[in-house]
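final_37.pdb, holding PDB, C-alpha atoms:
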```pdb
ATOM      1  CA  MET O   1      20.862  19.095   1.898
ATOM      2  CA  ASP O   2      21.503  19.627  -1.797
ATOM      3  CA  LEU O   3      18.218  19.428  -3.726
ATOM      4  CA  GLN O   4      19.964  18.249  -6.921
ATOM      5  CA  SER O   5      21.518  15.308  -5.059
ATOM      6  CA  LEU O   6      18.108  14.411  -3.643
ATOM      7  CA  SER O   7      16.572  14.599  -7.107
ATOM      8  CA  ASP O   8      19.341  12.481  -8.658
ATOM      9  CA  PHE O   9      18.942   9.793  -6.002
ATOM     10  CA  ASN O  10      15.212   9.564  -6.707
ATOM     11  CA  VAL O  11      15.839   9.345 -10.457
ATOM     12  CA  VAL O  12      18.296   6.475  -9.902
ATOM     13  CA  ALA O  13      15.881   4.713  -7.515
ATOM     14  CA  LEU O  14      12.935   5.188  -9.874
ATOM     15  CA  HIS O  15      14.769   3.757 -12.908
ATOM     16  CA  GLY O  16      16.428   0.916 -11.018
ATOM     17  CA  GLY O  17      20.091   1.812 -11.398
ATOM     18  CA  PHE O  18      22.681   4.356 -12.484
ATOM     19  CA  SER O  19      22.996   3.090 -16.055
ATOM     20  CA  GLU O  20      19.270   3.137 -16.788
ATOM     21  CA  ALA O  21      18.874   6.545 -15.099
ATOM     22  CA  SER O  22      21.690   7.876 -17.258
ATOM     23  CA  ARG O  23      20.022   6.570 -20.429
ATOM     24  CA  LYS O  24      16.639   8.031 -19.474
ATOM     25  CA  THR O  25      17.914  11.461 -18.434
ATOM     26  CA  GLY O  26      20.946  11.875 -20.712
ATOM     27  CA  ARG O  27      23.119  12.745 -17.710
ATOM     28  CA  PRO O  28      26.509  11.073 -17.175
ATOM     29  CA  LYS O  29      26.436   7.973 -15.006
ATOM     30  CA  ALA O  30      29.460   9.232 -13.066
ATOM     31  CA  SER O  31      27.680  12.476 -12.191
ATOM     32  CA  LEU O  32      24.647  10.621 -10.880
ATOM     33  CA  SER O  33      26.839   8.303  -8.828
ATOM     34  CA  ARG O  34      28.767  11.242  -7.368
ATOM     35  CA  ARG O  35      25.596  13.087  -6.395
ATOM     36  CA  VAL O  36      24.153  10.035  -4.666
ATOM     37  CA  ARG O  37      27.386   9.474  -2.757
ATOM     38  CA  GLU O  38      27.346  13.122  -1.620
ATOM     39  CA  LEU O  39      23.807  12.623  -0.355
ATOM     40  CA  GLU O  40      24.838   9.457   1.513
ATOM     41  CA  GLU O  41      27.720  11.354   3.124
ATOM     42  CA  PHE O  42      25.369  14.124   4.206
ATOM     43  CA  LEU O  43      22.862  11.650   5.693
ATOM     44  CA  LYS O  44      25.622   9.403   7.090
ATOM     45  CA  VAL O  45      23.781   6.318   5.809
ATOM     46  CA  ALA O  46      24.123   4.051   2.752
ATOM     47  CA  LEU O  47      21.171   4.395   0.373
ATOM     48  CA  VAL O  48      22.426   2.082  -2.393
ATOM     49  CA  ASP O  49      23.818  -1.432  -1.933
ATOM     50  CA  ARG O  50      26.736  -0.937  -4.307
ATOM     51  CA  GLY O  51      27.818  -4.569  -4.079
ATOM     52  CA  ALA O  52      24.455  -5.975  -5.106
ATOM     53  CA  LYS O  53      23.799  -7.392  -8.569
ATOM     54  CA  PRO O  54      21.300  -6.408  -9.873
ATOM     55  CA  PHE O  55      20.929  -2.881  -8.508
ATOM     56  CA  ARG O  56      19.296  -2.690  -5.091
ATOM     57  CA  LEU O  57      18.527   0.027  -2.562
ATOM     58  CA  THR O  58      19.281  -0.547   1.092
ATOM     59  CA  ASP O  59      16.322  -0.659   3.484
ATOM     60  CA  GLU O  60      17.139   2.941   4.391
ATOM     61  CA  GLY O  61      17.267   3.837   0.699
ATOM     62  CA  VAL O  62      13.832   2.323   0.052
ATOM     63  CA  ARG O  63      12.316   4.284   2.927
ATOM     64  CA  PHE O  64      14.082   7.510   1.940
ATOM     65  CA  HIS O  65      12.857   7.143  -1.670
ATOM     66  CA  GLU O  66       9.262   6.544  -0.556
ATOM     67  CA  GLU O  67       9.289   9.529   1.792
ATOM     68  CA  THR O  68      10.953  12.058  -0.535
ATOM     69  CA  ARG O  69       9.565  11.190  -3.985
ATOM     70  CA  ALA O  70       6.131  12.690  -3.281
ATOM     71  CA  MET O  71       7.796  15.822  -1.887
ATOM     72  CA  LEU O  72       9.860  16.276  -5.059
ATOM     73  CA  ASP O  73       6.798  15.694  -7.228
ATOM     74  CA  ARG O  74       4.990  18.408  -5.307
ATOM     75  CA  ILE O  75       7.937  20.805  -5.756
ATOM     76  CA  ASP O  76       7.820  20.101  -9.501
ATOM     77  CA  ASP O  77       4.071  20.723  -9.501
ATOM     78  CA  ILE O  78       4.467  24.062  -7.743
ATOM     79  CA  ALA O  79       7.215  25.149 -10.125
ATOM     80  CA  THR O  80       5.165  24.075 -13.128
ATOM     81  CA  GLU O  81       2.048  25.846 -11.905
ATOM     82  CA  PHE O  82       3.979  29.067 -11.243
ATOM     83  CA  ALA O  83       5.489  28.884 -14.694
ATOM     84  CA  SER O  84       2.127  28.434 -16.377
ATOM     85  CA  THR O  85      -1.290  30.009 -16.242
ATOM     86  CA  ALA O  86      -4.272  28.310 -14.672
ATOM     87  CA  GLU O  87      -5.743  27.867 -18.167
ATOM     88  CA  HIS O  88      -2.740  25.926 -19.474
ATOM     89  CA  PRO O  89      -2.165  22.536 -17.757
ATOM     90  CA  ARG O  90       1.313  21.098 -18.088
ATOM     91  CA  GLY O  91       3.721  18.668 -16.428
ATOM     92  CA  SER O  92       3.435  14.964 -15.593
ATOM     93  CA  LEU O  93       0.105  13.467 -14.495
ATOM     94  CA  ARG O  94      -0.033   9.945 -13.050
ATOM     95  CA  VAL O  95      -3.456   8.333 -12.681
ATOM     96  CA  SER O  96      -4.406   4.978 -11.168
ATOM     97  CA  ALA O  97      -7.626   3.425 -12.496
ATOM     98  CA  PRO O  98      -9.388   0.094 -11.834
ATOM     99  CA  MET O  99      -9.437  -2.735 -14.361
ATOM    100  CA  LEU O 100     -13.054  -2.081 -15.335
ATOM    101  CA  PHE O 101     -12.016   1.298 -16.761
ATOM    102  CA  ALA O 102      -9.615  -0.435 -19.124
ATOM    103  CA  HIS O 103     -12.627  -2.254 -20.594
ATOM    104  CA  ARG O 104     -14.821   0.830 -20.812
ATOM    105  CA  GLY O 105     -12.862   3.258 -22.921
ATOM    106  CA  ILE O 106     -10.375   5.031 -20.654
ATOM    107  CA  GLY O 107      -7.731   4.539 -23.355
ATOM    108  CA  LYS O 108      -9.826   6.525 -25.818
ATOM    109  CA  MET O 109     -10.433   9.204 -23.219
ATOM    110  CA  ALA O 110      -6.685   9.358 -22.468
ATOM    111  CA  ALA O 111      -5.981   9.876 -26.178
ATOM    112  CA  ARG O 112      -8.443  12.769 -26.317
ATOM    113  CA  PHE O 113      -6.877  14.284 -23.203
ATOM    114  CA  ALA O 114      -3.371  14.008 -24.661
ATOM    115  CA  ARG O 115      -4.549  15.653 -27.871
ATOM    116  CA  ARG O 116      -6.270  18.475 -25.997
ATOM    117  CA  TYR O 117      -3.392  19.054 -23.524
ATOM    118  CA  PRO O 118      -0.105  18.270 -25.334
ATOM    119  CA  ASP O 119       1.974  19.816 -22.537
ATOM    120  CA  VAL O 120       0.749  17.212 -20.011
ATOM    121  CA  GLN O 121       2.623  13.906 -19.905
ATOM    122  CA  LEU O 122      -0.216  11.547 -18.930
ATOM    123  CA  GLU O 123       0.387   8.060 -17.508
ATOM    124  CA  ILE O 124      -2.521   5.808 -16.528
ATOM    125  CA  VAL O 125      -1.776   2.663 -14.515
ATOM    126  CA  VAL O 126      -4.548   0.039 -14.334
ATOM    127  CA  ASP O 127      -4.654  -1.708 -10.959
ATOM    128  CA  ASP O 128      -7.565  -2.937  -8.820
ATOM    129  CA  ARG O 129      -5.718  -2.696  -5.509
ATOM    130  CA  PHE O 130      -6.178   0.523  -3.563
ATOM    131  CA  VAL O 131      -2.873   2.295  -4.069
ATOM    132  CA  ASP O 132      -1.429   4.938  -1.760
ATOM    133  CA  ALA O 133      -1.583   8.200  -3.712
ATOM    134  CA  PHE O 134       1.326   9.665  -1.741
ATOM    135  CA  LYS O 135       3.774   6.753  -1.556
ATOM    136  CA  ASP O 136       3.005   5.453  -5.049
ATOM    137  CA  GLY O 137       3.329   8.912  -6.594
ATOM    138  CA  PHE O 138      -0.156   9.253  -8.118
ATOM    139  CA  ASP O 139      -1.827  12.596  -8.756
ATOM    140  CA  LEU O 140      -5.272  11.017  -8.987
ATOM    141  CA  VAL O 141      -6.746   7.633  -8.039
ATOM    142  CA  ILE O 142     -10.080   6.287  -9.360
ATOM    143  CA  ARG O 143     -11.741   3.635  -7.188
ATOM    144  CA  ALA O 144     -15.162   2.218  -6.338
ATOM    145  CA  ASN O 145     -16.402   2.598  -2.749
ATOM    146  CA  PRO O 146     -13.068   3.760  -1.258
ATOM    147  CA  GLU O 147     -12.589   3.975   2.484
ATOM    148  CA  PRO O 148     -12.826   7.509   3.962
ATOM    149  CA  ASN O 149      -9.490   9.339   3.982
ATOM    150  CA  THR O 150      -9.051  12.814   5.433
ATOM    151  CA  GLU O 151      -5.817  13.389   3.457
ATOM    152  CA  LEU O 152      -7.585  13.037   0.112
ATOM    153  CA  ALA O 153     -10.133  15.265  -1.582
ATOM    154  CA  GLY O 154     -12.610  13.560  -3.820
ATOM    155  CA  ARG O 155     -15.263  13.813  -6.477
ATOM    156  CA  CYS O 156     -17.971  11.212  -6.999
ATOM    157  CA  LEU O 157     -18.113  10.436 -10.705
ATOM    158  CA  ARG O 158     -21.103   8.105 -10.766
ATOM    159  CA  ARG O 159     -23.339   5.859  -8.733
ATOM    160  CA  ASP O 160     -24.608   2.441  -9.712
ATOM    161  CA  ARG O 161     -26.717  -0.329  -8.186
ATOM    162  CA  ALA O 162     -25.067  -3.544  -7.016
ATOM    163  CA  VAL O 163     -27.087  -6.496  -8.346
ATOM    164  CA  ILE O 164     -26.754 -10.242  -7.890
ATOM    165  CA  VAL O 165     -26.806 -12.099 -11.210
ATOM    166  CA  ALA O 166     -26.227 -15.627 -12.447
ATOM    167  CA  ALA O 167     -26.669 -17.738 -15.562
ATOM    168  CA  PRO O 168     -30.204 -19.091 -16.138
ATOM    169  CA  SER O 169     -28.953 -22.609 -15.312
ATOM    170  CA  ILE O 170     -28.365 -21.647 -11.654
ATOM    171  CA  PRO O 171     -31.621 -21.594  -9.624
ATOM    172  CA  VAL O 172     -32.465 -18.583  -7.485
ATOM    173  CA  PRO O 173     -31.922 -19.589  -3.837
ATOM    174  CA  LYS O 174     -34.658 -19.543  -1.222
ATOM    175  CA  ASP O 175     -34.278 -17.717   2.068
ATOM    176  CA  GLY O 176     -31.486 -19.331   4.100
ATOM    177  CA  GLU O 177     -30.160 -21.443   1.223
ATOM    178  CA  GLY O 178     -26.659 -21.616  -0.170
ATOM    179  CA  PHE O 179     -25.484 -21.361  -3.762
ATOM    180  CA  PRO O 180     -22.229 -21.289  -5.786
ATOM    181  CA  ALA O 181     -20.738 -17.796  -5.889
ATOM    182  CA  ILE O 182     -17.845 -15.962  -7.460
ATOM    183  CA  PHE O 183     -16.186 -13.523  -5.077
ATOM    184  CA  LEU O 184     -14.210 -10.349  -5.591
ATOM    185  CA  SER O 185     -10.945 -10.728  -3.673
ATOM    186  CA  ALA O 186     -11.480  -7.536  -1.687
ATOM    187  CA  ALA O 187     -14.941  -8.685  -0.541
ATOM    188  CA  ARG O 188     -14.505 -12.421  -0.033
ATOM    189  CA  ALA O 189     -15.179 -12.126   3.715
ATOM    190  CA  GLN O 190     -18.872 -11.394   3.046
ATOM    191  CA  ARG O 191     -20.272 -14.842   3.735
ATOM    192  CA  THR O 192     -23.918 -13.724   3.915
ATOM    193  CA  TRP O 193     -25.620 -11.868   1.089
ATOM    194  CA  HIS O 194     -28.848  -9.966   1.691
ATOM    195  CA  ILE O 195     -30.757  -9.808  -1.593
ATOM    196  CA  ASP O 196     -33.600  -7.342  -2.058
ATOM    197  CA  THR O 197     -36.190  -9.030  -4.312
ATOM    198  CA  GLU O 198     -39.797  -8.284  -5.291
ATOM    199  CA  GLU O 199     -40.922 -10.783  -2.623
ATOM    200  CA  GLY O 200     -38.756  -9.249   0.096
ATOM    201  CA  VAL O 201     -35.219  -9.557   1.420
ATOM    202  CA  LEU O 202     -33.549 -12.950   1.146
ATOM    203  CA  VAL O 203     -30.757 -13.883   3.553
ATOM    204  CA  THR O 204     -28.530 -16.242   1.572
ATOM    205  CA  HIS O 205     -25.218 -18.031   2.078
ATOM    206  CA  PRO O 206     -22.879 -17.930  -0.922
ATOM    207  CA  ARG O 207     -20.441 -20.830  -1.314
ATOM    208  CA  GLU O 208     -17.199 -19.660  -2.890
ATOM    209  CA  VAL O 209     -16.299 -21.564  -6.060
ATOM    210  CA  LEU O 210     -13.913 -18.954  -7.456
ATOM    211  CA  CYS O 211     -12.213 -15.771  -6.253
ATOM    212  CA  LEU O 212     -11.010 -13.163  -8.735
ATOM    213  CA  SER O 213      -9.374  -9.766  -8.296
ATOM    214  CA  SER O 214     -11.237  -7.714 -10.917
ATOM    215  CA  LEU O 215     -14.846  -7.146 -11.975
ATOM    216  CA  PRO O 216     -14.229  -7.844 -15.694
ATOM    217  CA  MET O 217     -12.916 -11.320 -14.826
ATOM    218  CA  ILE O 218     -15.907 -11.967 -12.552
ATOM    219  CA  TRP O 219     -18.243 -10.804 -15.317
ATOM    220  CA  ASP O 220     -16.679 -13.314 -17.732
ATOM    221  CA  ALA O 221     -16.850 -16.149 -15.174
ATOM    222  CA  VAL O 222     -20.513 -15.475 -14.323
ATOM    223  CA  ARG O 223     -21.452 -15.656 -18.000
ATOM    224  CA  GLU O 224     -19.722 -19.039 -18.144
ATOM    225  CA  GLY O 225     -22.340 -20.309 -15.668
ATOM    226  CA  LEU O 226     -20.005 -21.108 -12.771
ATOM    227  CA  GLY O 227     -21.875 -19.182 -10.083
ATOM    228  CA  ALA O 228     -23.642 -16.004  -9.001
ATOM    229  CA  ALA O 229     -21.859 -12.709  -8.329
ATOM    230  CA  ILE O 230     -22.406  -9.112  -7.275
ATOM    231  CA  LEU O 231     -21.854  -6.781 -10.242
ATOM    232  CA  PRO O 232     -22.765  -3.209 -11.268
ATOM    233  CA  ALA O 233     -26.214  -3.001 -12.845
ATOM    234  CA  SER O 234     -24.897  -0.957 -15.765
ATOM    235  CA  LEU O 235     -22.327  -3.649 -16.578
ATOM    236  CA  VAL O 236     -24.834  -6.518 -16.872
ATOM    237  CA  ARG O 237     -27.845  -4.618 -18.246
ATOM    238  CA  ASP O 238     -27.478  -6.020 -21.777
ATOM    239  CA  ASP O 239     -26.813  -9.560 -20.495
ATOM    240  CA  ILE O 240     -30.064  -9.470 -18.505
ATOM    241  CA  ARG O 241     -32.071  -8.020 -21.367
ATOM    242  CA  GLU O 242     -30.764 -10.621 -23.828
ATOM    243  CA  GLY O 243     -31.224 -13.561 -21.424
ATOM    244  CA  ARG O 244     -27.584 -14.471 -20.835
ATOM    245  CA  LEU O 245     -27.928 -13.651 -17.127
ATOM    246  CA  VAL O 246     -30.790 -13.595 -14.625
ATOM    247  CA  ARG O 247     -31.106 -10.774 -12.109
ATOM    248  CA  TRP O 248     -31.848 -12.204  -8.656
ATOM    249  CA  GLY O 249     -32.180  -8.808  -6.965
ATOM    250  CA  GLU O 250     -30.173  -5.934  -5.518
ATOM    251  CA  ARG O 251     -27.581  -6.187  -2.761
ATOM    252  CA  VAL O 252     -28.881  -4.581   0.405
ATOM    253  CA  GLY O 253     -26.581  -1.804   1.546
ATOM    254  CA  ARG O 254     -24.418   0.915   0.091
ATOM    255  CA  PRO O 255     -24.660   1.505  -3.672
ATOM    256  CA  ILE O 256     -21.565   1.400  -5.854
ATOM    257  CA  GLU O 257     -19.895   4.807  -5.968
ATOM    258  CA  VAL O 258     -16.961   5.562  -8.255
ATOM    259  CA  TRP O 259     -14.706   8.286  -6.847
ATOM    260  CA  ALA O 260     -11.783  10.237  -8.229
ATOM    261  CA  LEU O 261      -9.463  10.945  -5.302
ATOM    262  CA  TYR O 262      -6.442  13.219  -5.129
ATOM    263  CA  PRO O 263      -4.163  14.706  -2.454
ATOM    264  CA  GLU O 264      -5.753  17.800  -0.930
ATOM    265  CA  GLN O 265      -2.849  20.023  -2.011
ATOM    266  CA  ARG O 266      -3.533  19.154  -5.667
ATOM    267  CA  ARG O 267      -7.104  20.449  -5.532
ATOM    268  CA  GLY O 268      -6.293  23.530  -7.641
ATOM    269  CA  SER O 269      -3.728  21.889  -9.925
ATOM    270  CA  PRO O 270      -4.633  22.791 -13.542
ATOM    271  CA  LYS O 271      -3.721  19.340 -14.875
ATOM    272  CA  VAL O 272      -5.784  17.547 -12.204
ATOM    273  CA  VAL O 273      -8.752  19.864 -12.725
ATOM    274  CA  ALA O 274      -8.568  19.335 -16.499
ATOM    275  CA  PHE O 275      -8.483  15.548 -16.134
ATOM    276  CA  LEU O 276     -11.355  15.576 -13.644
ATOM    277  CA  ASP O 277     -13.456  17.714 -15.975
ATOM    278  CA  MET O 278     -12.875  15.249 -18.801
ATOM    279  CA  LEU O 279     -13.780  12.311 -16.543
ATOM    280  CA  VAL O 280     -17.088  13.983 -15.693
ATOM    281  CA  GLU O 281     -17.619  14.789 -19.370
ATOM    282  CA  GLU O 282     -16.992  11.150 -20.293
ATOM    283  CA  PHE O 283     -19.138   9.637 -17.557
ATOM    284  CA  SER O 284     -22.035  11.987 -18.174
ATOM    285  CA  THR O 285     -22.610  10.111 -21.446
ATOM    286  CA  HIS O 286     -23.329   6.885 -19.529
ATOM    287  CA  ASP O 287     -26.488   5.907 -17.681
ATOM    288  CA  VAL O 288     -26.083   6.244 -13.917
ATOM    289  CA  ALA O 289     -28.358   5.370 -11.049
ATOM    290  CA  ASP O 290     -28.338   8.898  -9.661
ATOM    291  CA  PRO O 291     -28.027  11.974 -11.920
ATOM    292  CA  SER O 292     -26.570  14.016  -9.051
ATOM    293  CA  SER O 293     -23.445  11.869  -8.996
ATOM    294  CA  THR O 294     -20.953  14.649  -9.726
ATOM    295  CA  GLU O 295     -21.004  16.420  -6.383
ATOM    296  CA  THR O 296     -17.699  17.474  -4.869
ATOM    297  CA  ARG O 297     -16.623  17.102  -1.265
ATOM    298  CA  SER O 298     -13.473  16.540   0.756
ATOM    299  CA  GLY O 299     -12.936  12.830   1.151
ATOM    300  CA  PRO O 300     -15.288   9.997   0.128
TER     301      PRO O 300
END
```
Step by step, read the file and then write its structure as structure tokens.
Amino acid sequence: MDLQSLSDFNVVALHGGFSEASRKTGRPKASLSRRVRELEEFLKVALVDRGAKPFRLTDEGVRFHEETRAMLDRIDDIATEFASTAEHPRGSLRVSAPMLFAHRGIGKMAARFARRYPDVQLEIVVDDRFVDAFKDGFDLVIRANPEPNTELAGRCLRRDRAVIVAAPSIPVPKDGEGFPAIFLSAARAQRTWHIDTEEGVLVTHPREVLCLSSLPMIWDAVREGLGAAILPASLVRDDIREGRLVRWGERVGRPIEVWALYPEQRRGSPKVVAFLDMLVEEFSTHDVADPSSTETRSGP
């Protein structure tokens, strides 16, 4: 299989068509089309639905793109790392971060990173869903409380307490009582909340009045007085101190852990290491529940 044909197919698939790929790369559209056709002849399968308007991959083309894009990215990484020293990060770096990071200065941190490492082409995509680092082509994924994954190495950036808060107008429930609650989409199945209070553990039954997909939206809705919610203590500290929200207690169970995850083979990548170091540098300026929150291990 010709590696150039494979690369050209992925460029066309990534940019959604021959014309756009030609504009982005500066290569002739005819050359890209020829290379893709040569690849189809080698594989004996159609990868592009050439009769479709707008441009569309066949089912086989979608699968082939998903399976080979990460491999090509890794080849590029290896070539880049061989061509550079360990002290000089370079190449493309794609990072997926949750919505809360967009509200807490990751844009400023990205600007500092770009200034410090001009040879790295950094892209940060904000998304609260747990993306697949391999299939979605990310070098690093930042998420809270991710599920264990043996294919990913990880570094815990910080730990925080999960607290239940509400506006002062909403009374604190008694043991066994229900109350209006705002749910995070990923956790809406939790129909019983155990709340650790000064008087003991309350077993309560939240009644969903709203379901939102990101913590910043939940934070806004809680401050509007619609219902109670589970939020990071560091996020609502000022609201509690200034009386906008009342802290009912802590959620019983696992604390909130924010992890930076990356494919195991990228562990020694200079660009990934540089970005991780800056993340730790940035987060060390914030209050965390546990000062030992920068330990490194394989997998969360």
#### Entry: Selection result of the PyMOL selection byres ((chain O and resi 243) around 12) on this file, as a PyMOL selection string
chain O and resi 165-169+223+236-242+244-247
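Distance check against Ala133 (chain O) using all atoms listed in the file: of O:Gln121, O:Leu3, O:Leu226, O:Ala260, the minimum falls on O:Ala260.
Between Leu215 (chain O) and the residues O:Pro98, O:Pro146, O:Gly200, O:Gly249, the shortest atom-to-atom distance, using all atoms listed in the file, involves O:Pro98.
Going from CA of Arg143 (chain O) to CA of Val203 (chain O) covers 28.0 Å.
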### From O:Ala229, O:Leu14, O:Leu43, O:Ala274, residue lying nearest Arg90 (chain O) [all atoms listed in the file]
O:Ala274
### Message
For the provided coordinates, the residues matched by the PyMOL selection byres ((chain O and resi 22) around 12) should be stated as a PyMOL selection string.
### Response
chain O and resi 8-9+11-21+23-33
Residues from the last selection, C-alpha atoms, saved as a compact mmCIF listing (two decimals), in the frame of the given file:
```txt
# COMPACT_ATOMS: atom_id res chain seq x y z
CA ASP O 8 19.34 12.48 -8.66
CA PHE O 9 18.94 9.79 -6.00
CA VAL O 11 15.84 9.35 -10.46
CA VAL O 12 18.30 6.48 -9.90
CA ALA O 13 15.88 4.71 -7.52
CA LEU O 14 12.94 5.19 -9.87
CA HIS O 15 14.77 3.76 -12.91
CA GLY O 16 16.43 0.92 -11.02
CA GLY O 17 20.09 1.81 -11.40
CA PHE O 18 22.68 4.36 -12.48
CA SER O 19 23.00 3.09 -16.06
CA GLU O 20 19.27 3.14 -16.79
CA ALA O 21 18.87 6.54 -15.10
CA ARG O 23 20.02 6.57 -20.43
CA LYS O 24 16.64 8.03 -19.47
CA THR O 25 17.91 11.46 -18.43
CA GLY O 26 20.95 11.88 -20.71
CA ARG O 27 23.12 12.74 -17.71
CA PRO O 28 26.51 11.07 -17.18
CA LYS O 29 26.44 7.97 -15.01
CA ALA O 30 29.46 9.23 -13.07
CA SER O 31 27.68 12.48 -12.19
CA LEU O 32 24.65 10.62 -10.88
CA SER O 33 26.84 8.30 -8.83
```
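Atom pair CA of Arg251 (chain O) / CA of Ile142 (chain O) has a distance of 22.5 Å (rounded to one decimal).
In this comparison, which uses all atoms listed in the file, the residue of O:Pro270, O:Pro216, O:Gly107, O:Pro232 approaching Glu257 (chain O) most closely is O:Pro232.
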